[in-house]
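A.B. asks: My file is run34.cif. It has mmCIF, C-alpha atoms:
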data_model
loop_
_atom_site.label_atom_id
_atom_site.label_comp_id
_atom_site.auth_asym_id
_atom_site.auth_seq_id
_atom_site.Cartn_x
_atom_site.Cartn_y
_atom_site.Cartn_z
CA MET A 471 5.22 11.42 9.16
CA ASP A 472 2.01 10.01 10.44
CA GLU A 473 -1.14 10.85 12.29
CA ILE A 474 -2.76 9.38 15.36
CA GLN A 475 -6.27 9.60 16.62
CA TRP A 476 -6.21 11.10 20.09
CA ARG A 477 -9.87 11.56 20.94
CA ARG A 478 -13.13 9.93 19.99
CA GLY A 479 -14.41 10.75 16.57
CA HIS A 480 -12.08 12.07 13.95
CA THR A 481 -9.68 14.10 16.07
CA TYR A 482 -6.10 13.60 14.95
CA LEU A 483 -2.59 14.81 15.64
CA THR A 484 0.11 15.11 12.99
CA LEU A 485 3.42 13.60 14.12
CA VAL A 486 6.87 13.91 12.57
CA TYR A 487 9.64 11.60 13.76
CA GLN A 488 13.31 11.30 13.02
CA ILE A 489 14.04 7.60 12.56
CA SER A 490 17.59 7.64 11.18
CA GLY A 491 20.23 7.16 13.81
CA VAL A 492 18.03 7.99 16.80
CA LYS A 493 14.27 7.68 16.95
CA ARG A 494 12.78 10.89 18.30
CA LEU A 495 9.63 12.92 18.00
CA LEU A 496 10.29 16.21 16.18
CA TRP A 497 6.83 17.75 15.72
CA VAL A 498 3.27 17.45 16.95
CA SER A 499 0.41 19.47 15.51
CA HIS A 500 -3.36 19.44 15.87
CA GLU A 501 -5.33 18.01 12.96
CA ARG A 502 -4.07 16.14 9.93
CA THR A 503 -4.13 18.79 7.24
CA GLU A 504 -1.73 20.27 4.75
CA GLN A 505 -1.39 23.30 7.00
CA SER A 506 -0.51 21.23 10.07
CA LEU A 507 2.37 19.52 8.22
CA ARG A 508 3.40 22.69 6.39
CA ARG A 509 3.98 24.38 9.77
CA PHE A 510 6.65 21.76 10.50
CA PHE A 511 8.52 22.62 7.33
CA ASP A 512 8.14 26.34 8.05
CA VAL A 513 10.31 26.04 11.17
CA LEU A 514 13.12 24.35 9.23
CA THR A 515 15.87 26.35 7.57
CA ASP A 516 16.40 25.94 3.84
CA ASP A 517 19.65 24.05 4.49
CA VAL A 518 17.92 21.56 6.79
CA ARG A 519 15.09 21.10 4.30
CA LYS A 520 17.59 20.50 1.47
CA GLY A 521 19.41 17.97 3.67
CA ILE A 522 16.35 15.74 4.00
CA ARG A 523 17.08 12.73 1.81
CA PHE A 524 14.23 10.39 2.78
CA VAL A 525 10.64 10.87 3.92
CA CYS A 526 8.35 8.07 5.05
CA SER A 527 4.61 8.58 5.27
CA ASP A 528 1.28 6.98 4.61
CA MET A 529 -0.75 7.89 1.53
CA TRP A 530 -2.83 10.67 3.09
CA LYS A 531 -3.27 13.10 0.19
CA PRO A 532 -2.64 16.34 2.16
CA TYR A 533 0.68 14.93 3.39
CA LEU A 534 1.64 13.84 -0.11
CA ASN A 535 0.96 17.36 -1.41
CA VAL A 536 3.11 19.05 1.25
CA ILE A 537 5.98 16.58 0.90
CA ALA A 538 6.06 17.07 -2.88
CA GLU A 539 6.03 20.83 -2.40
CA GLN A 540 8.52 21.13 0.48
CA VAL A 541 11.08 18.37 -0.19
CA PRO A 542 10.70 17.36 -3.85
CA HIS A 543 14.29 16.07 -3.94
CA ALA A 544 13.76 13.57 -1.10
CA LEU A 545 12.99 9.93 -1.77
CA HIS A 546 9.44 9.37 -0.54
CA VAL A 547 8.95 5.95 1.04
CA LEU A 548 5.35 4.83 1.52
CA ASP A 549 4.54 2.60 4.46
CA ARG A 550 3.97 -1.12 4.02
CA PHE A 551 0.47 -1.16 5.52
CA HIS A 552 -0.93 1.35 3.01
CA ILE A 553 0.81 -0.23 0.03
CA MET A 554 -0.70 -3.60 0.90
CA LYS A 555 -4.08 -2.03 1.66
CA ASN A 556 -4.14 -0.53 -1.86
CA MET A 557 -3.02 -3.83 -3.34
CA ASN A 558 -5.89 -5.62 -1.57
CA ALA A 559 -8.34 -2.98 -2.81
CA ALA A 560 -7.09 -3.64 -6.36
CA ILE A 561 -7.52 -7.41 -5.94
CA ASP A 562 -11.04 -6.89 -4.64
CA GLU A 563 -11.89 -4.63 -7.59
CA VAL A 564 -10.56 -7.23 -10.05
CA ARG A 565 -12.64 -9.90 -8.26
CA ARG A 566 -15.82 -7.78 -8.39
CA GLN A 567 -15.41 -7.06 -12.10
CA GLU A 568 -14.69 -10.70 -12.82
CA VAL A 569 -17.76 -11.88 -10.89
CA ALA A 570 -19.92 -9.45 -12.89
CA GLN A 571 -18.35 -10.57 -16.18
CA LEU A 572 -18.82 -14.26 -15.37
CA ARG A 573 -22.50 -13.62 -14.55
CA ARG A 574 -23.02 -11.69 -17.80
CA ASP A 575 -21.41 -14.52 -19.75
CA GLY A 576 -23.60 -17.12 -18.03
CA TYR A 577 -20.81 -19.02 -16.27
CA GLU A 578 -21.01 -20.80 -12.95
CA PRO A 579 -20.21 -18.43 -10.06
CA ALA A 580 -16.71 -19.80 -9.32
CA LEU A 581 -15.78 -16.80 -7.18
CA THR A 582 -18.70 -17.06 -4.76
CA LYS A 583 -17.54 -16.73 -1.14
CA SER A 584 -13.95 -16.15 -2.23
CA ARG A 585 -13.34 -12.56 -1.16
CA TRP A 586 -11.47 -13.26 2.08
CA CYS A 587 -9.70 -16.28 0.60
CA LEU A 588 -8.06 -13.93 -1.87
CA LEU A 589 -7.47 -10.99 0.47
CA LYS A 590 -6.08 -12.67 3.57
CA ARG A 591 -2.48 -13.79 3.91
CA PRO A 592 -2.25 -17.61 3.59
CA GLU A 593 -1.13 -18.02 7.21
CA ASN A 594 -4.29 -16.22 8.40
CA LEU A 595 -6.80 -18.33 6.48
CA THR A 596 -9.23 -20.61 8.27
CA ASP A 597 -9.20 -24.27 7.21
CA ASN A 598 -12.31 -23.72 5.05
CA GLN A 599 -10.82 -20.63 3.43
CA ALA A 600 -7.54 -22.46 2.74
CA ALA A 601 -9.46 -25.28 1.06
CA ARG A 602 -11.47 -22.76 -0.98
CA LEU A 603 -8.28 -20.97 -2.04
CA ALA A 604 -6.67 -24.27 -3.08
CA GLU A 605 -9.74 -24.91 -5.23
CA LEU A 606 -9.59 -21.42 -6.77
CA LEU A 607 -5.89 -21.77 -7.59
CA GLN A 608 -6.81 -24.45 -10.14
CA TYR A 609 -8.57 -21.86 -12.32
CA ASN A 610 -6.99 -19.30 -14.61
CA LEU A 611 -8.97 -16.37 -13.22
CA LYS A 612 -7.85 -12.76 -13.11
CA SER A 613 -8.64 -12.72 -9.40
CA VAL A 614 -6.31 -15.64 -8.79
CA ARG A 615 -3.53 -14.01 -10.83
CA ALA A 616 -3.99 -10.80 -8.83
CA HIS A 617 -3.77 -12.78 -5.57
CA LEU A 618 -0.61 -14.56 -6.72
CA LEU A 619 0.99 -11.26 -7.73
CA ARG A 620 0.22 -9.85 -4.28
CA GLU A 621 1.73 -12.90 -2.58
CA GLU A 622 4.80 -12.69 -4.76
CA PHE A 623 5.16 -9.01 -3.88
CA GLN A 624 5.57 -10.00 -0.21
CA ARG A 625 9.14 -11.03 -1.11
CA PHE A 626 9.91 -7.34 -1.69
CA TRP A 627 9.88 -6.66 2.07
CA GLY A 628 12.68 -9.18 2.63
CA HIS A 629 15.26 -7.44 0.46
CA THR A 630 17.99 -5.74 2.45
CA THR A 631 19.83 -3.92 -0.32
CA PRO A 632 18.41 -1.20 -2.56
CA ALA A 633 19.90 -2.81 -5.68
CA TRP A 634 18.17 -6.17 -5.16
CA ALA A 635 14.94 -4.52 -4.05
CA GLY A 636 15.03 -2.39 -7.22
CA LYS A 637 15.62 -5.41 -9.46
CA PHE A 638 12.81 -7.31 -7.79
CA LEU A 639 10.43 -4.35 -8.08
CA GLU A 640 11.26 -3.80 -11.75
CA SER A 641 10.69 -7.47 -12.53
CA TRP A 642 7.47 -7.60 -10.49
CA CYS A 643 6.08 -4.46 -12.15
CA THR A 644 6.80 -5.92 -15.60
CA ARG A 645 4.87 -9.08 -14.69
CA ALA A 646 2.02 -7.04 -13.19
CA LEU A 647 1.72 -4.89 -16.31
CA ARG A 648 1.73 -7.97 -18.55
CA SER A 649 -0.83 -9.81 -16.41
CA ARG A 650 -3.81 -8.33 -18.26
CA LEU A 651 -5.68 -7.82 -14.99
CA ILE A 652 -7.17 -4.56 -16.18
CA ASP A 653 -8.53 -3.78 -19.58
CA ALA A 654 -6.50 -1.14 -21.37
#
Rewrite the structure from the file as structure tokens, please.
C.D. replies:
Amino acid sequence: MDEIQWRRGHTYLTLVYQISGVKRLLWVSHERTEQSLRRFFDVLTDDVRKGIRFVCSDMWKPYLNVIAEQVPHALHVLDRFHIMKNMNAAIDEVRRQEVAQLRRDGYEPALTKSRWCLLKRPENLTDNQAARLAELLQYNLKSVRAHLLREEFQRFWGHTTPAWAGKFLESWCTRALRSRLIDA
């Protein structure tokens, strides 16, 4: 389930695809609202709805609400782009808080001009950003730990079996929770 912008401004269509076996478009509806997605589920029989085992969508709140309501038994898979976007937002928040804390404590601004060094993938860094990141990696900063956790998480996408992906995710979550990146 996804949406696409089809006109200038904020004019969207809701799209539902089948991607198992054959890839085909199942539903198109104007707007990207709970009602537009709910209409898709309304045309399905109860047996078809109960047979849905997996749903993939982005993190658009109206879609999440309808999916939880209509197919609560299905495994909901969130798309990679939005997971990584939220992870980058978390890294940036950790960096902002750390910059403020370092200023309050009177320390040298070690994180100045480091935002994109921490948020970009290593292969996308400019030479200056790569050098800056190498310098930052020498410090035990929360921002650096957050960056390293994000980079380590990239290994998740390479797992081909649910069992290994689950083990990796469990281990990664344990490390993330123990990282002390946020104050409890």
A.B. asks: Pick the closest to A:Glu593 from A:Ala580, A:Glu621, A:Asp512, A:Gly479: which is it, counting all atoms listed in the file?
C.D. replies: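 Answer, going by the shortest atom-to-atom distance: A:Glu621.
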A.B. asks: Mind pulling up the distance from atom CA of A:Asp517 to atom CA of A:Ala544?
C.D. replies: 13.3 Å
A.B. asks: Near stretch 495-499 of chain A, within 6 Å and counting all atoms listed in the file, which residues show up once chain neighbours fewer than 2 positions away are dropped, as a list in words?
C.D. replies: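 Neighbouring residues, sequence-local ones excluded: Leu483, Thr484, Leu485, Val486, Tyr487 and Ser506 of chain A.
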A.B. asks: Which polymer residues have any atom within 10 Å of an atom of stretch 642-648 of chain A, counting all atoms listed in the file, with same-chain residues fewer than 6 positions away left out, as a list in words?
C.D. replies: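 Result of the neighbour search: Arg615, Ala616, Leu619, Arg620, Glu622, Phe623, Phe626 and Gly636 of chain A.
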A.B. asks: Name the closest residue to A:Gln567 among the candidates A:Leu639, A:Leu651, A:Arg494, A:Val541; distances are taken between atoms, counting all atoms listed in the file.
C.D. replies: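 Smallest separation from A:Gln567 among the options: A:Leu651.
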A.B. asks: I need the output of the PyMOL selection byres ((chain A and resi 524) around 12) for this file as a PyMOL selection string; which residues are they?
C.D. replies: chain A and resi 471+487-490+519-523+525-527+537-538+541-548
A.B. asks: Can you rebuild stretch 584-606 of chain A with N, CA and C atoms and give it as a PDB file, in the coordinates of the input?
C.D. replies:
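Result file is selection.pdb:
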ATOM      1  N   SER A 584     -15.408 -16.061  -2.076  1.00  0.00           N
ATOM      2  CA  SER A 584     -13.950 -16.150  -2.230  1.00  0.00           C
ATOM      3  C   SER A 584     -13.227 -14.874  -1.819  1.00  0.00           C
ATOM      4  N   ARG A 585     -13.972 -13.857  -1.428  1.00  0.00           N
ATOM      5  CA  ARG A 585     -13.340 -12.560  -1.160  1.00  0.00           C
ATOM      6  C   ARG A 585     -12.199 -12.675  -0.148  1.00  0.00           C
ATOM      7  N   TRP A 586     -12.489 -13.214   1.026  1.00  0.00           N
ATOM      8  CA  TRP A 586     -11.470 -13.260   2.080  1.00  0.00           C
ATOM      9  C   TRP A 586     -10.398 -14.299   1.790  1.00  0.00           C
ATOM     10  N   CYS A 587     -10.727 -15.301   1.001  1.00  0.00           N
ATOM     11  CA  CYS A 587      -9.700 -16.280   0.600  1.00  0.00           C
ATOM     12  C   CYS A 587      -8.604 -15.588  -0.200  1.00  0.00           C
ATOM     13  N   LEU A 588      -9.016 -14.630  -1.008  1.00  0.00           N
ATOM     14  CA  LEU A 588      -8.060 -13.930  -1.870  1.00  0.00           C
ATOM     15  C   LEU A 588      -7.370 -12.770  -1.162  1.00  0.00           C
ATOM     16  N   LEU A 589      -8.022 -12.186  -0.167  1.00  0.00           N
ATOM     17  CA  LEU A 589      -7.470 -10.990   0.470  1.00  0.00           C
ATOM     18  C   LEU A 589      -6.599 -11.277   1.686  1.00  0.00           C
ATOM     19  N   LYS A 590      -6.870 -12.360   2.381  1.00  0.00           N
ATOM     20  CA  LYS A 590      -6.080 -12.670   3.570  1.00  0.00           C
ATOM     21  C   LYS A 590      -4.737 -13.280   3.192  1.00  0.00           C
ATOM     22  N   ARG A 591      -3.751 -13.094   4.067  1.00  0.00           N
ATOM     23  CA  ARG A 591      -2.480 -13.790   3.910  1.00  0.00           C
ATOM     24  C   ARG A 591      -2.713 -15.276   4.152  1.00  0.00           C
ATOM     25  N   PRO A 592      -2.015 -16.166   3.448  1.00  0.00           N
ATOM     26  CA  PRO A 592      -2.250 -17.610   3.590  1.00  0.00           C
ATOM     27  C   PRO A 592      -2.180 -18.108   5.040  1.00  0.00           C
ATOM     28  N   GLU A 593      -1.265 -17.551   5.829  1.00  0.00           N
ATOM     29  CA  GLU A 593      -1.130 -18.020   7.210  1.00  0.00           C
ATOM     30  C   GLU A 593      -2.306 -17.600   8.098  1.00  0.00           C
ATOM     31  N   ASN A 594      -3.146 -16.682   7.615  1.00  0.00           N
ATOM     32  CA  ASN A 594      -4.290 -16.220   8.400  1.00  0.00           C
ATOM     33  C   ASN A 594      -5.615 -16.837   7.960  1.00  0.00           C
ATOM     34  N   LEU A 595      -5.578 -17.698   6.972  1.00  0.00           N
ATOM     35  CA  LEU A 595      -6.800 -18.330   6.480  1.00  0.00           C
ATOM     36  C   LEU A 595      -7.318 -19.388   7.444  1.00  0.00           C
ATOM     37  N   THR A 596      -8.635 -19.488   7.535  1.00  0.00           N
ATOM     38  CA  THR A 596      -9.230 -20.610   8.270  1.00  0.00           C
ATOM     39  C   THR A 596      -9.057 -21.859   7.408  1.00  0.00           C
ATOM     40  N   ASP A 597      -9.333 -23.026   7.977  1.00  0.00           N
ATOM     41  CA  ASP A 597      -9.200 -24.270   7.210  1.00  0.00           C
ATOM     42  C   ASP A 597     -10.130 -24.260   5.994  1.00  0.00           C
ATOM     43  N   ASN A 598     -11.365 -23.781   6.168  1.00  0.00           N
ATOM     44  CA  ASN A 598     -12.310 -23.720   5.050  1.00  0.00           C
ATOM     45  C   ASN A 598     -11.830 -22.752   3.973  1.00  0.00           C
ATOM     46  N   GLN A 599     -11.312 -21.607   4.399  1.00  0.00           N
ATOM     47  CA  GLN A 599     -10.820 -20.630   3.430  1.00  0.00           C
ATOM     48  C   GLN A 599      -9.597 -21.162   2.684  1.00  0.00           C
ATOM     49  N   ALA A 600      -8.720 -21.871   3.381  1.00  0.00           N
ATOM     50  CA  ALA A 600      -7.540 -22.460   2.740  1.00  0.00           C
ATOM     51  C   ALA A 600      -7.953 -23.490   1.685  1.00  0.00           C
ATOM     52  N   ALA A 601      -8.962 -24.284   2.021  1.00  0.00           N
ATOM     53  CA  ALA A 601      -9.460 -25.280   1.060  1.00  0.00           C
ATOM     54  C   ALA A 601     -10.091 -24.582  -0.138  1.00  0.00           C
ATOM     55  N   ARG A 602     -10.836 -23.536   0.110  1.00  0.00           N
ATOM     56  CA  ARG A 602     -11.470 -22.760  -0.980  1.00  0.00           C
ATOM     57  C   ARG A 602     -10.412 -22.123  -1.865  1.00  0.00           C
ATOM     58  N   LEU A 603      -9.363 -21.574  -1.264  1.00  0.00           N
ATOM     59  CA  LEU A 603      -8.280 -20.970  -2.040  1.00  0.00           C
ATOM     60  C   LEU A 603      -7.576 -22.019  -2.892  1.00  0.00           C
ATOM     61  N   ALA A 604      -7.310 -23.180  -2.317  1.00  0.00           N
ATOM     62  CA  ALA A 604      -6.670 -24.270  -3.080  1.00  0.00           C
ATOM     63  C   ALA A 604      -7.521 -24.637  -4.290  1.00  0.00           C
ATOM     64  N   GLU A 605      -8.824 -24.637  -4.125  1.00  0.00           N
ATOM     65  CA  GLU A 605      -9.740 -24.910  -5.230  1.00  0.00           C
ATOM     66  C   GLU A 605      -9.665 -23.814  -6.288  1.00  0.00           C
ATOM     67  N   LEU A 606      -9.656 -22.556  -5.836  1.00  0.00           N
ATOM     68  CA  LEU A 606      -9.590 -21.420  -6.770  1.00  0.00           C
ATOM     69  C   LEU A 606      -8.292 -21.383  -7.558  1.00  0.00           C
TER      70      LEU A 606
END
